[in-house]
$ cat run_11.txt   # compact mmCIF, C-alpha atoms
# COMPACT_ATOMS: atom_id res chain seq x y z
CA MET X 796 -45.37 47.85 37.21
CA SER X 797 -41.86 48.09 35.81
CA ASP X 798 -40.45 50.98 33.80
CA ASN X 799 -40.63 48.62 30.82
CA SER X 800 -44.43 48.60 30.71
CA VAL X 801 -47.11 51.16 30.14
CA VAL X 802 -50.35 50.85 32.10
CA ILE X 803 -53.40 52.95 31.30
CA GLU X 804 -56.67 52.85 33.22
CA ARG X 805 -59.97 54.35 32.07
CA THR X 806 -63.57 54.03 33.22
CA TYR X 807 -66.26 54.21 30.54
CA ASP X 808 -69.92 55.01 31.04
CA ALA X 809 -70.93 51.96 29.06
CA PRO X 810 -71.69 48.30 29.72
CA ILE X 811 -68.78 45.88 29.64
CA GLU X 812 -70.16 44.08 26.55
CA LEU X 813 -69.98 47.29 24.51
CA VAL X 814 -66.47 48.15 25.67
CA TRP X 815 -65.40 44.57 24.86
CA LYS X 816 -66.49 45.20 21.25
CA MET X 817 -64.16 48.23 21.13
CA TRP X 818 -61.27 45.83 21.69
CA ALA X 819 -62.48 42.65 19.99
CA GLU X 820 -64.31 43.72 16.81
CA ALA X 821 -62.15 45.08 13.99
CA GLU X 822 -64.50 47.85 12.85
CA HIS X 823 -64.85 49.19 16.40
CA PHE X 824 -61.13 48.85 17.16
CA ALA X 825 -60.24 50.73 13.96
CA ALA X 826 -62.59 53.57 14.94
CA TRP X 827 -60.61 54.52 18.07
CA TYR X 828 -57.12 53.01 17.90
CA GLY X 829 -54.08 55.15 17.20
CA PRO X 830 -52.85 58.60 18.13
CA MET X 831 -54.70 61.73 17.08
CA GLY X 832 -54.51 62.19 13.31
CA ALA X 833 -53.97 58.49 12.57
CA SER X 834 -56.37 56.16 10.81
CA ILE X 835 -56.59 52.38 10.67
CA PRO X 836 -57.27 51.41 7.04
CA VAL X 837 -56.60 47.70 7.72
CA ALA X 838 -57.75 45.84 10.84
CA LYS X 839 -57.85 42.06 10.61
CA MET X 840 -58.62 40.49 13.97
CA ASP X 841 -59.40 36.81 14.45
CA VAL X 842 -60.19 37.04 18.16
CA HIS X 843 -59.77 33.56 19.63
CA VAL X 844 -56.82 31.84 21.30
CA GLY X 845 -54.27 31.27 18.52
CA GLY X 846 -56.05 33.75 16.23
CA LYS X 847 -54.01 36.33 14.34
CA ARG X 848 -54.22 40.09 14.10
CA HIS X 849 -52.81 42.34 11.36
CA LEU X 850 -53.24 46.11 11.49
CA CYS X 851 -52.10 49.14 9.56
CA MET X 852 -51.89 52.56 11.17
CA GLU X 853 -51.61 55.40 8.68
CA MET X 854 -50.91 59.09 9.14
CA GLU X 855 -49.96 62.06 7.05
CA THR X 856 -46.52 63.55 7.60
CA PRO X 857 -44.71 66.44 5.89
CA ASN X 858 -43.00 63.76 3.75
CA GLY X 859 -46.27 62.10 2.71
CA THR X 860 -48.32 59.21 4.03
CA MET X 861 -46.62 56.99 6.59
CA GLN X 862 -47.82 53.47 7.36
CA MET X 863 -46.95 51.30 10.35
CA TRP X 864 -47.99 47.66 10.22
CA PHE X 865 -48.45 45.39 13.24
CA VAL X 866 -49.03 41.66 13.68
CA GLY X 867 -49.83 39.56 16.68
CA GLU X 868 -51.50 36.48 18.08
CA TYR X 869 -54.24 36.19 20.68
CA LEU X 870 -52.95 34.32 23.73
CA GLU X 871 -55.99 34.66 26.03
CA VAL X 872 -59.59 35.51 25.22
CA GLU X 873 -62.03 35.57 28.14
CA GLU X 874 -65.05 37.49 26.85
CA PRO X 875 -65.87 40.08 28.14
CA THR X 876 -63.19 40.51 30.82
CA ARG X 877 -59.71 39.72 29.51
CA LEU X 878 -57.79 39.87 26.25
CA VAL X 879 -54.07 39.15 25.88
CA TYR X 880 -52.25 39.37 22.57
CA THR X 881 -48.76 39.77 21.19
CA GLU X 882 -47.77 42.74 19.08
CA GLY X 883 -44.85 43.30 16.76
CA HIS X 884 -44.01 45.38 13.71
CA SER X 885 -44.58 43.86 10.29
CA ASP X 886 -44.77 44.65 6.62
CA ALA X 887 -48.02 44.87 4.64
CA ASP X 888 -47.91 41.11 4.03
CA GLY X 889 -47.74 40.30 7.74
CA ASN X 890 -44.05 39.35 7.82
CA VAL X 891 -42.38 40.36 11.09
CA VAL X 892 -39.98 43.28 10.71
CA PRO X 893 -37.13 43.47 13.26
CA PRO X 894 -37.19 46.55 15.52
CA SER X 895 -33.76 47.63 14.20
CA ALA X 896 -35.28 47.98 10.71
CA MET X 897 -37.79 50.42 12.22
CA GLY X 898 -34.98 52.54 13.69
CA MET X 899 -35.56 51.32 17.24
CA PRO X 900 -32.69 50.96 19.70
CA GLU X 901 -30.78 47.74 20.22
CA GLY X 902 -32.50 45.51 22.76
CA THR X 903 -36.02 46.45 21.66
CA PRO X 904 -38.08 43.23 21.75
CA GLU X 905 -39.42 41.84 18.48
CA SER X 906 -42.73 41.06 20.14
CA THR X 907 -44.50 42.52 23.17
CA ASN X 908 -47.63 41.57 25.11
CA VAL X 909 -50.78 43.65 25.45
CA ILE X 910 -53.08 42.76 28.36
CA VAL X 911 -56.58 44.26 28.43
CA GLU X 912 -58.68 43.74 31.57
CA LEU X 913 -62.29 44.90 31.77
CA GLU X 914 -64.29 45.11 34.98
CA ASP X 915 -67.99 45.93 35.44
CA VAL X 916 -68.34 48.63 38.08
CA ASP X 917 -72.02 49.39 38.66
CA GLY X 918 -72.88 49.35 34.95
CA LYS X 919 -69.76 51.23 33.93
CA THR X 920 -66.60 49.57 32.67
CA LYS X 921 -63.12 49.98 34.09
CA VAL X 922 -60.42 49.14 31.54
CA THR X 923 -56.81 48.45 32.50
CA MET X 924 -54.46 48.12 29.52
CA THR X 925 -50.90 46.95 30.14
CA HIS X 926 -48.39 46.87 27.29
CA GLU X 927 -45.38 44.87 28.48
CA GLY X 928 -42.10 45.61 26.76
CA VAL X 929 -42.97 49.23 25.95
CA PRO X 930 -41.07 51.63 28.21
CA ALA X 931 -43.35 53.97 30.14
CA ASP X 932 -41.45 57.01 28.84
CA SER X 933 -41.40 55.94 25.16
CA PRO X 934 -43.20 57.23 22.07
CA GLY X 935 -45.19 53.96 22.15
CA ALA X 936 -46.53 54.84 25.60
CA MET X 937 -47.50 58.29 24.38
CA GLY X 938 -49.23 56.71 21.39
CA TRP X 939 -51.32 54.44 23.65
CA ASN X 940 -52.20 57.42 25.80
CA MET X 941 -53.38 59.39 22.79
CA ALA X 942 -55.26 56.38 21.42
CA SER X 943 -57.16 55.91 24.63
CA THR X 944 -58.16 59.57 24.79
CA SER X 945 -58.55 60.67 21.16
CA SER X 946 -61.64 62.29 19.68
CA PRO X 947 -62.06 65.62 17.95
CA THR X 948 -65.58 66.05 19.36
CA THR X 949 -64.96 66.39 23.08
CA SER X 950 -63.13 68.68 25.45
CA PRO X 951 -59.71 67.92 26.95
CA PRO X 952 -59.65 65.75 30.06
CA PRO X 953 -58.54 67.23 33.36
CA PRO X 954 -54.87 66.75 34.31
CA ASP X 955 -55.62 64.15 37.02
CA LEU X 956 -56.49 61.28 34.67
CA THR X 957 -55.46 57.85 35.84
CA LEU X 958 -52.39 57.20 33.73
CA ARG X 959 -49.62 55.11 35.20
CA ALA X 960 -46.93 55.82 32.67
CA LYS X 961 -44.08 58.24 33.18
CA PRO X 962 -44.87 60.77 30.43
CA ALA X 963 -47.83 62.94 31.30
CA HIS X 964 -48.16 64.59 27.91
CA ARG X 965 -51.85 65.42 28.18
CA ARG X 966 -52.15 68.82 26.48
CA GLY X 967 -54.32 68.84 23.39
CA GLN X 968 -55.62 65.32 23.91
CA THR X 969 -59.30 64.60 24.26
CA PRO X 970 -61.43 61.73 25.55
CA LEU X 971 -62.32 58.79 23.36
CA VAL X 972 -65.79 58.68 21.90
CA CYS X 973 -66.63 55.48 20.05
CA GLY X 974 -70.21 54.54 19.32
CA GLY X 975 -71.42 56.73 22.17
CA VAL X 976 -68.96 55.28 24.69
CA ARG X 977 -67.39 58.07 26.71
CA PRO X 978 -64.86 57.80 29.52
CA LEU X 979 -65.76 59.21 32.90
CA TRP X 980 -63.27 61.93 33.68

$ encode --input "run_11.txt" --output "C-alpha cells"
Amino acid sequence: MSDNSVVIERTYDAPIELVWKMWAEAEHFAAWYGPMGASIPVAKMDVHVGGKRHLCMEMETPNGTMQMWFVGEYLEVEEPTRLVYTEGHSDADGNVVPPSAMGMPEGTPESTNVIVELEDVDGKTKVTMTHEGVPADSPGAMGWNMASTSSPTTSPPPPDLTLRAKPAHRRGQTPLVCGGVRPLW
C-alpha cells in the first residue's frame, strides 16, 4: 500500500451475500455510508460494468446544511466478491467538479478508484476496501474510517481494529450496524 491510498479491513458476522448488498444496493449503501452525523439523501447506483453512481452526502454544520456530491462509474462487478468504481466530486446534476473548486490542494486527482473485496471466512465476511488516490492521512481517509464504523447504537471498538491508514482517530467512533450486520471486533 502506498501513502496515497487508504485501506480498511473489517470482518462482519454476516454472510457474504448480505454484506454485498451493503455495497451494491442503494438503500443499504445509504444506510451506512458517510461519517457520523452525515446522511445520504440521494443514492443512485446502477451496479454493472459501465453503470453510473451519483450520491449526495449531507450534514449539518454551524453555517447550515452542507452537501457533498459524488459521481462515478463501475469498472468491475463480480458479485459477491469484488466491486471497483471510480469516484469524483460533482454538482447536484452529476457534472464533475474539479478538486480545486472544492478547496483541495493542487495535484488532487479529479477521479479516484475504490476497490471493495469480500471474502467468505467460515460464514462471516471479510471486507477489504482500498481507496486509491486518497492519502492515508487525509480527511477522506478519516471519513472512510468513520463510515465503516458508524452507528449510534453500539459501543466503541477496541483500539486494535484492523485499519491500515496512517490516522488512528478512533475515539468516539462505533461499529457499523446495518440490517443486523455487525463487525467482529

$ atom_distance --input "run_11.txt" --atom1 "CA of Val842 (chain X)" --atom2 "CA of Tyr828 (chain X)"
16.3 Å

$ residues_around --input "run_11.txt" --residues "Lys919 (chain X)" --least-positions-apart "4" --cutoff "8 Å" --atoms "all atoms listed in the file" --output "list in words"
Thr806, Tyr807, Asp808, Ala809, Pro810, Ile811 and Asp915 of chain X

$ closest_residue --input "run_11.txt" --among "X:Ala838, X:Lys816, X:Glu853, X:Thr903" --to "Gly889 (chain X)" --atoms "all atoms listed in the file"
X:Ala838

$ closest_residue --input "run_11.txt" --among "X:Leu850, X:Gln862, X:Ser800, X:Pro875" --to "Glu914 (chain X)" --atoms "all atoms listed in the file"
X:Pro875

$ atom_distance --input "run_11.txt" --atom1 "CA of Gly883 (chain X)" --atom2 "CA of Ser906 (chain X)"
4.6 Å

$ residues_around --input "run_11.txt" --residues "Gly846 (chain X)" --least-positions-apart "4" --cutoff "10 Å" --atoms "only C-alpha atoms" --output "list in words"
Met840, Asp841, Val842, Gly867, Glu868, Tyr869, Leu870, Glu871, Val872 and Tyr880 of chain X

$ atom_distance --input "run_11.txt" --atom1 "CA of Glu804 (chain X)" --atom2 "CA of Thr925 (chain X)"
8.8 Å

$ axis_aligned_box --input "run_11.txt" --around "region 841-847 of chain X" --padding-each-side "8 Å" --output "AutoDock Vina command-line options"
--center_x -57.1 --center_y 34.2 --center_z 17.8 --size_x 22.2 --size_y 21.8 --size_z 23.0
